[in-house]
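Asks: Hey, dropping input.cif in here, mmCIF, N, CA, C and O atoms:
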data_query
#
loop_
_atom_site.label_atom_id
_atom_site.label_comp_id
_atom_site.auth_asym_id
_atom_site.auth_seq_id
_atom_site.Cartn_x
_atom_site.Cartn_y
_atom_site.Cartn_z
N MET A 1 -60.38 -62.36 -34.51
CA MET A 1 -61.50 -62.02 -35.33
C MET A 1 -61.92 -63.22 -36.17
O MET A 1 -61.08 -64.01 -36.58
N ILE A 2 -63.21 -63.31 -36.43
CA ILE A 2 -63.73 -64.45 -37.18
C ILE A 2 -63.62 -64.17 -38.68
O ILE A 2 -64.03 -63.12 -39.16
N LYS A 3 -63.05 -65.13 -39.38
CA LYS A 3 -62.84 -64.98 -40.81
C LYS A 3 -64.10 -65.36 -41.57
O LYS A 3 -64.78 -66.31 -41.21
N GLU A 4 -64.45 -64.64 -42.60
CA GLU A 4 -65.63 -64.95 -43.41
C GLU A 4 -65.28 -65.91 -44.50
O GLU A 4 -64.22 -65.83 -45.11
N TRP A 5 -66.20 -66.82 -44.78
CA TRP A 5 -66.04 -67.77 -45.86
C TRP A 5 -66.56 -67.15 -47.15
O TRP A 5 -67.34 -66.19 -47.13
N PRO A 6 -66.20 -67.71 -48.25
CA PRO A 6 -66.63 -67.13 -49.52
C PRO A 6 -68.14 -67.08 -49.69
O PRO A 6 -68.66 -66.23 -50.37
N GLN A 7 -68.89 -68.01 -49.07
CA GLN A 7 -70.34 -68.01 -49.22
C GLN A 7 -71.00 -66.93 -48.38
O GLN A 7 -72.21 -66.75 -48.44
N GLY A 8 -70.30 -66.25 -47.58
CA GLY A 8 -70.86 -65.21 -46.75
C GLY A 8 -71.20 -65.68 -45.35
O GLY A 8 -71.84 -64.97 -44.59
N LEU A 9 -70.80 -66.90 -44.95
CA LEU A 9 -71.08 -67.41 -43.61
C LEU A 9 -69.83 -67.27 -42.75
O LEU A 9 -68.71 -67.41 -43.22
N HIS A 10 -70.03 -67.02 -41.50
CA HIS A 10 -68.94 -67.03 -40.55
C HIS A 10 -68.61 -68.47 -40.20
O HIS A 10 -69.44 -69.36 -40.34
N LEU A 11 -67.45 -68.72 -39.71
CA LEU A 11 -67.01 -70.06 -39.39
C LEU A 11 -67.89 -70.70 -38.32
O LEU A 11 -68.32 -71.85 -38.47
N ASN A 12 -68.24 -69.96 -37.28
CA ASN A 12 -69.06 -70.53 -36.22
C ASN A 12 -70.48 -70.81 -36.73
O ASN A 12 -71.11 -71.78 -36.33
N GLU A 13 -71.00 -69.97 -37.63
CA GLU A 13 -72.32 -70.25 -38.21
C GLU A 13 -72.28 -71.50 -39.08
O GLU A 13 -73.19 -72.32 -39.06
N TRP A 14 -71.21 -71.64 -39.83
CA TRP A 14 -71.06 -72.81 -40.70
C TRP A 14 -70.98 -74.10 -39.88
O TRP A 14 -71.62 -75.09 -40.18
N ILE A 15 -70.22 -74.08 -38.79
CA ILE A 15 -70.10 -75.24 -37.90
C ILE A 15 -71.44 -75.52 -37.23
O ILE A 15 -71.89 -76.67 -37.16
N HIS A 16 -72.10 -74.48 -36.75
CA HIS A 16 -73.41 -74.64 -36.10
C HIS A 16 -74.42 -75.26 -37.07
O HIS A 16 -75.15 -76.19 -36.72
N ASN A 17 -74.47 -74.75 -38.29
CA ASN A 17 -75.39 -75.30 -39.29
C ASN A 17 -75.07 -76.76 -39.60
O ASN A 17 -75.97 -77.58 -39.80
N GLY A 18 -73.80 -77.12 -39.62
CA GLY A 18 -73.40 -78.51 -39.85
C GLY A 18 -73.88 -79.43 -38.74
O GLY A 18 -74.39 -80.53 -38.98
N PHE A 19 -73.74 -78.98 -37.48
CA PHE A 19 -74.22 -79.79 -36.35
C PHE A 19 -75.73 -79.92 -36.35
O PHE A 19 -76.28 -80.96 -36.03
N VAL A 20 -76.44 -78.87 -36.70
CA VAL A 20 -77.90 -78.91 -36.76
C VAL A 20 -78.35 -79.93 -37.81
O VAL A 20 -79.27 -80.71 -37.59
N LYS A 21 -77.67 -79.92 -38.95
CA LYS A 21 -78.01 -80.88 -40.00
C LYS A 21 -77.73 -82.32 -39.55
O LYS A 21 -78.50 -83.23 -39.82
N MET A 22 -76.62 -82.52 -38.83
CA MET A 22 -76.30 -83.87 -38.35
C MET A 22 -77.32 -84.34 -37.32
O MET A 22 -77.72 -85.49 -37.31
N LYS A 23 -77.75 -83.44 -36.43
CA LYS A 23 -78.76 -83.80 -35.44
C LYS A 23 -80.08 -84.14 -36.11
O LYS A 23 -80.77 -85.07 -35.71
N ALA A 24 -80.45 -83.40 -37.13
CA ALA A 24 -81.70 -83.67 -37.84
C ALA A 24 -81.64 -85.03 -38.51
O ALA A 24 -82.61 -85.78 -38.51
N LYS A 25 -80.49 -85.38 -39.07
CA LYS A 25 -80.34 -86.69 -39.69
C LYS A 25 -80.39 -87.79 -38.64
O LYS A 25 -80.95 -88.84 -38.86
N ALA A 26 -79.82 -87.57 -37.49
CA ALA A 26 -79.77 -88.58 -36.44
C ALA A 26 -81.15 -88.84 -35.84
O ALA A 26 -81.43 -89.92 -35.38
N LYS A 27 -82.05 -87.87 -35.84
CA LYS A 27 -83.36 -88.02 -35.24
C LYS A 27 -84.36 -88.76 -36.13
O LYS A 27 -85.44 -89.06 -35.70
N LYS A 28 -84.01 -89.07 -37.35
CA LYS A 28 -84.95 -89.68 -38.28
C LYS A 28 -85.13 -91.18 -38.06
O LYS A 28 -86.04 -91.76 -38.61
N ALA A 29 -84.30 -91.82 -37.30
CA ALA A 29 -84.35 -93.27 -37.15
C ALA A 29 -84.51 -93.66 -35.68
O ALA A 29 -84.24 -92.89 -34.78
N PHE A 30 -84.97 -94.93 -35.48
CA PHE A 30 -85.06 -95.48 -34.13
C PHE A 30 -83.73 -96.13 -33.78
O PHE A 30 -83.04 -96.67 -34.64
N THR A 31 -83.42 -96.13 -32.50
CA THR A 31 -82.22 -96.84 -32.07
C THR A 31 -82.56 -98.30 -31.86
O THR A 31 -83.73 -98.70 -31.76
N LEU A 32 -81.55 -99.11 -31.79
CA LEU A 32 -81.73 -100.55 -31.58
C LEU A 32 -82.40 -100.81 -30.24
O LEU A 32 -83.27 -101.68 -30.12
N ILE A 33 -82.05 -100.05 -29.23
CA ILE A 33 -82.64 -100.23 -27.90
C ILE A 33 -84.13 -99.92 -27.93
O ILE A 33 -84.94 -100.65 -27.35
N GLU A 34 -84.52 -98.86 -28.62
CA GLU A 34 -85.94 -98.52 -28.73
C GLU A 34 -86.71 -99.64 -29.43
O GLU A 34 -87.81 -100.00 -29.01
N MET A 35 -86.15 -100.19 -30.47
CA MET A 35 -86.82 -101.28 -31.19
C MET A 35 -86.94 -102.52 -30.30
O MET A 35 -87.96 -103.21 -30.32
N MET A 36 -85.91 -102.82 -29.53
CA MET A 36 -85.95 -103.98 -28.63
C MET A 36 -87.02 -103.78 -27.55
O MET A 36 -87.72 -104.73 -27.19
N ILE A 37 -87.15 -102.58 -27.03
CA ILE A 37 -88.18 -102.31 -26.01
C ILE A 37 -89.56 -102.49 -26.60
O ILE A 37 -90.44 -103.10 -25.99
N VAL A 38 -89.78 -102.00 -27.81
CA VAL A 38 -91.08 -102.16 -28.47
C VAL A 38 -91.39 -103.63 -28.71
O VAL A 38 -92.50 -104.09 -28.44
N LEU A 39 -90.41 -104.39 -29.17
CA LEU A 39 -90.61 -105.83 -29.38
C LEU A 39 -90.90 -106.55 -28.06
O LEU A 39 -91.71 -107.48 -28.02
N LEU A 40 -90.25 -106.14 -27.00
CA LEU A 40 -90.50 -106.74 -25.68
C LEU A 40 -91.94 -106.48 -25.23
O LEU A 40 -92.62 -107.40 -24.76
N VAL A 41 -92.41 -105.26 -25.39
CA VAL A 41 -93.78 -104.92 -24.99
C VAL A 41 -94.78 -105.70 -25.83
O VAL A 41 -95.75 -106.26 -25.30
N ILE A 42 -94.56 -105.79 -27.13
CA ILE A 42 -95.46 -106.56 -28.00
C ILE A 42 -95.46 -108.03 -27.60
O ILE A 42 -96.52 -108.66 -27.56
N SER A 43 -94.31 -108.58 -27.30
CA SER A 43 -94.22 -109.98 -26.89
C SER A 43 -95.00 -110.24 -25.61
O SER A 43 -95.69 -111.25 -25.48
N ILE A 44 -94.88 -109.35 -24.66
CA ILE A 44 -95.61 -109.50 -23.39
C ILE A 44 -97.12 -109.45 -23.64
O ILE A 44 -97.88 -110.26 -23.09
N LEU A 45 -97.56 -108.52 -24.48
CA LEU A 45 -98.99 -108.43 -24.79
C LEU A 45 -99.49 -109.69 -25.48
O LEU A 45 -100.58 -110.18 -25.18
N VAL A 46 -98.71 -110.22 -26.39
CA VAL A 46 -99.11 -111.46 -27.08
C VAL A 46 -99.19 -112.61 -26.09
O VAL A 46 -100.14 -113.41 -26.12
N LEU A 47 -98.24 -112.71 -25.19
CA LEU A 47 -98.27 -113.78 -24.19
C LEU A 47 -99.47 -113.66 -23.26
O LEU A 47 -99.98 -114.67 -22.77
N LEU A 48 -99.93 -112.46 -23.02
CA LEU A 48 -101.09 -112.27 -22.15
C LEU A 48 -102.40 -112.58 -22.86
O LEU A 48 -103.33 -113.11 -22.27
N PHE A 49 -102.50 -112.23 -24.13
CA PHE A 49 -103.79 -112.31 -24.82
C PHE A 49 -104.04 -113.61 -25.57
O PHE A 49 -105.19 -114.00 -25.75
N VAL A 50 -103.02 -114.32 -26.01
CA VAL A 50 -103.24 -115.55 -26.78
C VAL A 50 -103.94 -116.63 -25.94
O VAL A 50 -104.89 -117.25 -26.43
N PRO A 51 -103.55 -116.88 -24.71
CA PRO A 51 -104.30 -117.89 -23.93
C PRO A 51 -105.76 -117.51 -23.72
O PRO A 51 -106.64 -118.36 -23.76
N ASN A 52 -106.03 -116.23 -23.53
CA ASN A 52 -107.42 -115.79 -23.36
C ASN A 52 -108.22 -116.00 -24.63
O ASN A 52 -109.40 -116.35 -24.57
N LEU A 53 -107.60 -115.80 -25.77
CA LEU A 53 -108.30 -116.01 -27.04
C LEU A 53 -108.67 -117.47 -27.23
O LEU A 53 -109.75 -117.79 -27.72
N SER A 54 -107.78 -118.39 -26.85
CA SER A 54 -108.08 -119.81 -27.00
C SER A 54 -109.20 -120.23 -26.04
O SER A 54 -110.06 -121.05 -26.40
N LYS A 55 -109.24 -119.65 -24.85
CA LYS A 55 -110.34 -119.95 -23.92
C LYS A 55 -111.65 -119.42 -24.46
O LYS A 55 -112.69 -120.08 -24.35
N GLN A 56 -111.62 -118.24 -25.05
CA GLN A 56 -112.83 -117.67 -25.63
C GLN A 56 -113.32 -118.52 -26.80
O GLN A 56 -114.52 -118.69 -26.98
N LYS A 57 -112.40 -119.07 -27.57
CA LYS A 57 -112.77 -119.93 -28.69
C LYS A 57 -113.51 -121.16 -28.19
O LYS A 57 -114.53 -121.56 -28.76
N ASP A 58 -113.03 -121.77 -27.12
CA ASP A 58 -113.69 -122.94 -26.54
C ASP A 58 -115.08 -122.57 -26.03
O ASP A 58 -116.04 -123.33 -26.21
N THR A 59 -115.21 -121.43 -25.38
CA THR A 59 -116.50 -120.98 -24.86
C THR A 59 -117.49 -120.74 -25.99
O THR A 59 -118.65 -121.16 -25.91
N VAL A 60 -117.04 -120.09 -27.04
CA VAL A 60 -117.92 -119.82 -28.19
C VAL A 60 -118.34 -121.11 -28.85
O VAL A 60 -119.50 -121.28 -29.25
N SER A 61 -117.42 -122.05 -28.96
CA SER A 61 -117.74 -123.35 -29.56
C SER A 61 -118.79 -124.09 -28.74
O SER A 61 -119.74 -124.67 -29.29
N ALA A 62 -118.65 -124.08 -27.42
CA ALA A 62 -119.62 -124.75 -26.56
C ALA A 62 -121.00 -124.09 -26.66
O ALA A 62 -122.03 -124.77 -26.72
N GLN A 63 -121.03 -122.77 -26.70
CA GLN A 63 -122.31 -122.07 -26.82
C GLN A 63 -122.94 -122.33 -28.18
O GLN A 63 -124.16 -122.46 -28.28
N GLY A 64 -122.12 -122.43 -29.22
CA GLY A 64 -122.64 -122.76 -30.55
C GLY A 64 -123.25 -124.15 -30.59
O GLY A 64 -124.31 -124.37 -31.19
N ASP A 65 -122.59 -125.09 -29.91
CA ASP A 65 -123.13 -126.46 -29.86
C ASP A 65 -124.46 -126.49 -29.11
O ASP A 65 -125.39 -127.19 -29.51
N LYS A 66 -124.55 -125.72 -28.02
CA LYS A 66 -125.82 -125.67 -27.28
C LYS A 66 -126.94 -125.09 -28.15
O LYS A 66 -128.08 -125.57 -28.11
N ALA A 67 -126.61 -124.09 -28.95
CA ALA A 67 -127.60 -123.49 -29.84
C ALA A 67 -128.06 -124.50 -30.89
O ALA A 67 -129.25 -124.58 -31.21
N ILE A 68 -127.12 -125.28 -31.42
CA ILE A 68 -127.47 -126.30 -32.41
C ILE A 68 -128.39 -127.35 -31.80
O ILE A 68 -129.36 -127.79 -32.42
N VAL A 69 -128.11 -127.76 -30.56
CA VAL A 69 -128.96 -128.73 -29.88
C VAL A 69 -130.38 -128.19 -29.72
O VAL A 69 -131.37 -128.89 -29.95
N LYS A 70 -130.49 -126.91 -29.36
CA LYS A 70 -131.83 -126.32 -29.21
C LYS A 70 -132.56 -126.26 -30.55
O LYS A 70 -133.77 -126.50 -30.61
N VAL A 71 -131.85 -125.97 -31.62
CA VAL A 71 -132.47 -125.94 -32.95
C VAL A 71 -132.97 -127.32 -33.34
O VAL A 71 -134.10 -127.48 -33.83
N VAL A 72 -132.15 -128.34 -33.10
CA VAL A 72 -132.56 -129.71 -33.44
C VAL A 72 -133.75 -130.12 -32.59
O VAL A 72 -134.70 -130.75 -33.10
N GLU A 73 -133.74 -129.78 -31.31
CA GLU A 73 -134.88 -130.11 -30.44
C GLU A 73 -136.15 -129.42 -30.94
O GLU A 73 -137.24 -130.01 -30.93
N SER A 74 -136.03 -128.19 -31.39
CA SER A 74 -137.19 -127.48 -31.94
C SER A 74 -137.69 -128.17 -33.20
O SER A 74 -138.91 -128.32 -33.41
N GLN A 75 -136.77 -128.61 -34.05
CA GLN A 75 -137.16 -129.30 -35.27
C GLN A 75 -137.85 -130.64 -34.95
O GLN A 75 -138.81 -131.04 -35.62
N ILE A 76 -137.37 -131.32 -33.91
CA ILE A 76 -138.01 -132.57 -33.48
C ILE A 76 -139.43 -132.30 -33.00
O ILE A 76 -140.36 -133.04 -33.36
N GLU A 77 -139.59 -131.26 -32.19
CA GLU A 77 -140.93 -130.93 -31.70
C GLU A 77 -141.89 -130.60 -32.85
O GLU A 77 -143.04 -131.04 -32.86
N ILE A 78 -141.42 -129.83 -33.81
CA ILE A 78 -142.27 -129.49 -34.97
C ILE A 78 -142.64 -130.75 -35.75
O ILE A 78 -143.79 -130.93 -36.16
N TYR A 79 -141.69 -131.64 -35.93
CA TYR A 79 -141.95 -132.89 -36.64
C TYR A 79 -143.01 -133.71 -35.91
O TYR A 79 -143.94 -134.24 -36.52
N GLU A 80 -142.85 -133.83 -34.59
CA GLU A 80 -143.78 -134.64 -33.80
C GLU A 80 -145.18 -134.01 -33.78
O GLU A 80 -146.18 -134.73 -33.77
N ILE A 81 -145.26 -132.68 -33.80
CA ILE A 81 -146.58 -132.02 -33.85
C ILE A 81 -147.23 -132.25 -35.20
O ILE A 81 -148.42 -132.57 -35.29
N ASN A 82 -146.47 -132.14 -36.28
CA ASN A 82 -147.02 -132.30 -37.62
C ASN A 82 -147.40 -133.74 -37.95
O ASN A 82 -148.34 -133.98 -38.71
N HIS A 83 -146.67 -134.71 -37.42
CA HIS A 83 -146.89 -136.11 -37.79
C HIS A 83 -147.58 -136.94 -36.69
O HIS A 83 -147.85 -138.11 -36.89
N ASP A 84 -147.82 -136.37 -35.53
CA ASP A 84 -148.48 -137.05 -34.40
C ASP A 84 -147.79 -138.36 -34.02
O ASP A 84 -148.46 -139.34 -33.67
N LYS A 85 -146.49 -138.41 -34.08
CA LYS A 85 -145.73 -139.58 -33.65
C LYS A 85 -144.32 -139.16 -33.28
O LYS A 85 -143.86 -138.07 -33.65
N LYS A 86 -143.65 -140.04 -32.51
CA LYS A 86 -142.26 -139.77 -32.12
C LYS A 86 -141.35 -139.92 -33.35
O LYS A 86 -141.60 -140.73 -34.23
N ILE A 87 -140.30 -139.11 -33.36
CA ILE A 87 -139.38 -139.15 -34.49
C ILE A 87 -138.38 -140.30 -34.31
O ILE A 87 -137.97 -140.63 -33.20
N THR A 88 -138.01 -140.92 -35.40
CA THR A 88 -137.01 -141.99 -35.38
C THR A 88 -135.66 -141.39 -35.77
O THR A 88 -135.57 -140.28 -36.28
N ASP A 89 -134.60 -142.16 -35.52
CA ASP A 89 -133.26 -141.68 -35.87
C ASP A 89 -133.12 -141.47 -37.38
O ASP A 89 -132.49 -140.50 -37.81
N SER A 90 -133.69 -142.36 -38.18
CA SER A 90 -133.57 -142.20 -39.63
C SER A 90 -134.31 -140.94 -40.11
O SER A 90 -133.83 -140.23 -40.98
N ALA A 91 -135.47 -140.66 -39.51
CA ALA A 91 -136.21 -139.44 -39.88
C ALA A 91 -135.45 -138.20 -39.40
O ALA A 91 -135.43 -137.18 -40.10
N LEU A 92 -134.81 -138.31 -38.24
CA LEU A 92 -134.04 -137.17 -37.72
C LEU A 92 -132.83 -136.89 -38.61
O LEU A 92 -132.52 -135.73 -38.88
N LYS A 93 -132.19 -137.95 -39.11
CA LYS A 93 -131.04 -137.75 -40.00
C LYS A 93 -131.45 -137.06 -41.29
O LYS A 93 -130.69 -136.29 -41.86
N LYS A 94 -132.67 -137.31 -41.75
CA LYS A 94 -133.16 -136.65 -42.96
C LYS A 94 -133.56 -135.20 -42.67
O LYS A 94 -133.48 -134.36 -43.54
N LEU A 95 -133.97 -134.95 -41.44
CA LEU A 95 -134.47 -133.63 -41.07
C LEU A 95 -133.35 -132.60 -40.85
O LEU A 95 -133.52 -131.42 -41.15
N VAL A 96 -132.21 -133.05 -40.32
CA VAL A 96 -131.10 -132.14 -39.99
C VAL A 96 -129.85 -132.54 -40.78
O VAL A 96 -129.79 -133.62 -41.35
N THR A 97 -128.86 -131.66 -40.76
CA THR A 97 -127.59 -131.99 -41.43
C THR A 97 -126.80 -133.00 -40.60
O THR A 97 -127.09 -133.21 -39.41
N SER A 98 -125.80 -133.59 -41.22
CA SER A 98 -124.99 -134.59 -40.51
C SER A 98 -124.23 -133.97 -39.34
O SER A 98 -124.08 -134.59 -38.28
N GLU A 99 -123.76 -132.74 -39.51
CA GLU A 99 -123.05 -132.06 -38.42
C GLU A 99 -123.99 -131.78 -37.25
O GLU A 99 -123.62 -131.99 -36.08
N GLN A 100 -125.20 -131.33 -37.55
CA GLN A 100 -126.18 -131.07 -36.49
C GLN A 100 -126.52 -132.37 -35.77
O GLN A 100 -126.65 -132.39 -34.54
N TYR A 101 -126.67 -133.45 -36.51
CA TYR A 101 -127.00 -134.75 -35.92
C TYR A 101 -125.89 -135.21 -34.97
O TYR A 101 -126.16 -135.69 -33.87
N LYS A 102 -124.63 -135.08 -35.41
CA LYS A 102 -123.50 -135.50 -34.58
C LYS A 102 -123.46 -134.70 -33.27
O LYS A 102 -123.26 -135.26 -32.20
N ILE A 103 -123.65 -133.39 -33.39
CA ILE A 103 -123.60 -132.53 -32.19
C ILE A 103 -124.78 -132.86 -31.26
O ILE A 103 -124.62 -132.94 -30.04
N TYR A 104 -125.94 -133.10 -31.83
CA TYR A 104 -127.13 -133.43 -31.03
C TYR A 104 -126.90 -134.75 -30.28
O TYR A 104 -127.21 -134.85 -29.09
N LYS A 105 -126.37 -135.74 -30.95
CA LYS A 105 -126.11 -137.04 -30.31
C LYS A 105 -125.00 -136.92 -29.26
O LYS A 105 -125.02 -137.64 -28.26
N LYS A 106 -124.07 -136.04 -29.49
CA LYS A 106 -122.98 -135.84 -28.53
C LYS A 106 -123.50 -135.32 -27.20
O LYS A 106 -123.04 -135.74 -26.12
N TYR A 107 -124.49 -134.42 -27.24
CA TYR A 107 -125.01 -133.81 -26.02
C TYR A 107 -126.25 -134.52 -25.48
O TYR A 107 -126.69 -134.23 -24.38
N ASN A 108 -126.85 -135.43 -26.22
CA ASN A 108 -128.03 -136.16 -25.73
C ASN A 108 -127.78 -137.64 -25.71
O ASN A 108 -127.19 -138.26 -26.42
#
Output the file's structure as structure tokens, nothing else.
Replies:
Amino acid sequence: MIKEWPQGLHLNEWIHNGFVKMKAKAKKAFTLIEMMIVLLVISILVLLFVPNLSKQKDTVSAQGDKAIVKVVESQIEIYEINHDKKITDSALKKLVTSEQYKIYKKYN
């Protein structure tokens, strides 16, 4: 026969409740293996996407430079229409920023 404890629980109920509590405590954390798998997946994703990001950066930079060249060419055309003469390098340096001038000279 099962003996009753002073709290009114049977021995098997008390043991069962103890195991349930231990299982609940054990489920609250990740295991080391689970954390290693997550880190492995993140590492693989980083290795796949970082090279693509650097290629995209180069593409965006090249497209930005092309846009700057078009802006400078438009400014040159406006200058030549307004002044009825070809623009000189000194006038172009005054018309655009130093960065725009460098990029324009790089591509022309």
Asks: Identify all residues satisfying the PyMOL selection byres (((chain A and resi 69-79 and name CA) around 8) and name CA) in the given file; provide them as a list in words.
Replies: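 Applied to this file, the PyMOL selection byres (((chain A and resi 69-79 and name CA) around 8) and name CA) returns Asp65, Lys66, Ala67, Ile68, Glu80, Ile81, Asn82, His83, Ile87, Leu92, Leu95, Val96, Gln100, Tyr101, Ile103, Tyr104 and Tyr107 of chain A.
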Asks: Atom O of Val50 of chain A to atom CA of Ala62 of chain A: how many Å, to one decimal?
Replies: 16.5 Å
Asks: In Å to one decimal, how far is atom CA of Gln63 of chain A from atom CA of Glu99 of chain A?
Replies: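 Atom CA of Gln63 of chain A lies at a distance of 15.3 Å from atom CA of Glu99 of chain A.
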Asks: One decimal, in Å: what's the spacing between atom CA of Ser61 of chain A and atom CA of Lys106 of chain A?
Replies: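 Going from atom CA of Ser61 of chain A over to atom CA of Lys106 of chain A, I get 13.6 Å.
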Asks: Could you add whatever atoms are missing so that segment 72-80 of chain A carries all heavy atoms, then write the result as a PDB file, in the coordinates of the input?
Replies:
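Output file part_9.pdb follows:
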ATOM      1  N   VAL A  72    -132.150-128.340 -33.100  1.00  0.00           N
ATOM      2  CA  VAL A  72    -132.560-129.710 -33.440  1.00  0.00           C
ATOM      3  C   VAL A  72    -133.750-130.120 -32.590  1.00  0.00           C
ATOM      4  O   VAL A  72    -134.700-130.750 -33.100  1.00  0.00           O
ATOM      5  CB  VAL A  72    -131.371-130.687 -33.275  1.00  0.00           C
ATOM      6  CG1 VAL A  72    -131.820-132.127 -33.412  1.00  0.00           C
ATOM      7  CG2 VAL A  72    -130.282-130.372 -34.291  1.00  0.00           C
ATOM      8  N   GLU A  73    -133.740-129.780 -31.310  1.00  0.00           N
ATOM      9  CA  GLU A  73    -134.880-130.110 -30.440  1.00  0.00           C
ATOM     10  C   GLU A  73    -136.150-129.420 -30.940  1.00  0.00           C
ATOM     11  O   GLU A  73    -137.240-130.010 -30.930  1.00  0.00           O
ATOM     12  CB  GLU A  73    -134.586-129.739 -28.994  1.00  0.00           C
ATOM     13  CG  GLU A  73    -133.575-130.653 -28.333  1.00  0.00           C
ATOM     14  CD  GLU A  73    -133.160-130.184 -26.953  1.00  0.00           C
ATOM     15  OE1 GLU A  73    -133.462-129.019 -26.576  1.00  0.00           O
ATOM     16  OE2 GLU A  73    -132.525-130.979 -26.242  1.00  0.00           O
ATOM     17  N   SER A  74    -136.030-128.190 -31.390  1.00  0.00           N
ATOM     18  CA  SER A  74    -137.190-127.480 -31.940  1.00  0.00           C
ATOM     19  C   SER A  74    -137.690-128.170 -33.200  1.00  0.00           C
ATOM     20  O   SER A  74    -138.910-128.320 -33.410  1.00  0.00           O
ATOM     21  CB  SER A  74    -136.830-126.034 -32.271  1.00  0.00           C
ATOM     22  OG  SER A  74    -136.467-125.343 -31.112  1.00  0.00           O
ATOM     23  N   GLN A  75    -136.770-128.610 -34.050  1.00  0.00           N
ATOM     24  CA  GLN A  75    -137.160-129.300 -35.270  1.00  0.00           C
ATOM     25  C   GLN A  75    -137.850-130.640 -34.950  1.00  0.00           C
ATOM     26  O   GLN A  75    -138.810-131.040 -35.620  1.00  0.00           O
ATOM     27  CB  GLN A  75    -135.949-129.529 -36.171  1.00  0.00           C
ATOM     28  CG  GLN A  75    -135.418-128.249 -36.775  1.00  0.00           C
ATOM     29  CD  GLN A  75    -134.104-128.435 -37.508  1.00  0.00           C
ATOM     30  OE1 GLN A  75    -133.369-129.387 -37.261  1.00  0.00           O
ATOM     31  NE2 GLN A  75    -133.813-127.509 -38.415  1.00  0.00           N
ATOM     32  N   ILE A  76    -137.370-131.320 -33.910  1.00  0.00           N
ATOM     33  CA  ILE A  76    -138.010-132.570 -33.480  1.00  0.00           C
ATOM     34  C   ILE A  76    -139.430-132.300 -33.000  1.00  0.00           C
ATOM     35  O   ILE A  76    -140.360-133.040 -33.360  1.00  0.00           O
ATOM     36  CB  ILE A  76    -137.158-133.250 -32.380  1.00  0.00           C
ATOM     37  CG1 ILE A  76    -135.845-133.773 -32.969  1.00  0.00           C
ATOM     38  CG2 ILE A  76    -137.933-134.369 -31.704  1.00  0.00           C
ATOM     39  CD1 ILE A  76    -134.848-134.259 -31.934  1.00  0.00           C
ATOM     40  N   GLU A  77    -139.590-131.260 -32.190  1.00  0.00           N
ATOM     41  CA  GLU A  77    -140.930-130.930 -31.700  1.00  0.00           C
ATOM     42  C   GLU A  77    -141.890-130.600 -32.850  1.00  0.00           C
ATOM     43  O   GLU A  77    -143.040-131.040 -32.860  1.00  0.00           O
ATOM     44  CB  GLU A  77    -140.870-129.740 -30.728  1.00  0.00           C
ATOM     45  CG  GLU A  77    -140.255-130.078 -29.386  1.00  0.00           C
ATOM     46  CD  GLU A  77    -140.151-128.854 -28.485  1.00  0.00           C
ATOM     47  OE1 GLU A  77    -140.903-127.883 -28.693  1.00  0.00           O
ATOM     48  OE2 GLU A  77    -139.307-128.872 -27.582  1.00  0.00           O
ATOM     49  N   ILE A  78    -141.420-129.830 -33.810  1.00  0.00           N
ATOM     50  CA  ILE A  78    -142.270-129.490 -34.970  1.00  0.00           C
ATOM     51  C   ILE A  78    -142.640-130.750 -35.750  1.00  0.00           C
ATOM     52  O   ILE A  78    -143.790-130.930 -36.160  1.00  0.00           O
ATOM     53  CB  ILE A  78    -141.549-128.456 -35.863  1.00  0.00           C
ATOM     54  CG1 ILE A  78    -141.439-127.127 -35.136  1.00  0.00           C
ATOM     55  CG2 ILE A  78    -142.273-128.288 -37.195  1.00  0.00           C
ATOM     56  CD1 ILE A  78    -140.554-126.108 -35.821  1.00  0.00           C
ATOM     57  N   TYR A  79    -141.690-131.640 -35.930  1.00  0.00           N
ATOM     58  CA  TYR A  79    -141.950-132.890 -36.640  1.00  0.00           C
ATOM     59  C   TYR A  79    -143.010-133.710 -35.910  1.00  0.00           C
ATOM     60  O   TYR A  79    -143.940-134.240 -36.520  1.00  0.00           O
ATOM     61  CB  TYR A  79    -140.654-133.700 -36.793  1.00  0.00           C
ATOM     62  CG  TYR A  79    -140.849-135.026 -37.485  1.00  0.00           C
ATOM     63  CD1 TYR A  79    -140.776-135.119 -38.866  1.00  0.00           C
ATOM     64  CD2 TYR A  79    -141.109-136.192 -36.759  1.00  0.00           C
ATOM     65  CE1 TYR A  79    -140.955-136.328 -39.508  1.00  0.00           C
ATOM     66  CE2 TYR A  79    -141.292-137.405 -37.383  1.00  0.00           C
ATOM     67  CZ  TYR A  79    -141.219-137.470 -38.762  1.00  0.00           C
ATOM     68  OH  TYR A  79    -141.402-138.680 -39.403  1.00  0.00           O
ATOM     69  N   GLU A  80    -142.850-133.830 -34.590  1.00  0.00           N
ATOM     70  CA  GLU A  80    -143.780-134.640 -33.800  1.00  0.00           C
ATOM     71  C   GLU A  80    -145.180-134.010 -33.780  1.00  0.00           C
ATOM     72  O   GLU A  80    -146.180-134.730 -33.770  1.00  0.00           O
ATOM     73  CB  GLU A  80    -143.243-134.828 -32.385  1.00  0.00           C
ATOM     74  CG  GLU A  80    -142.012-135.741 -32.360  1.00  0.00           C
ATOM     75  CD  GLU A  80    -141.373-135.863 -30.992  1.00  0.00           C
ATOM     76  OE1 GLU A  80    -141.764-135.119 -30.057  1.00  0.00           O
ATOM     77  OE2 GLU A  80    -140.470-136.700 -30.834  1.00  0.00           O
TER      78      GLU A  80
END
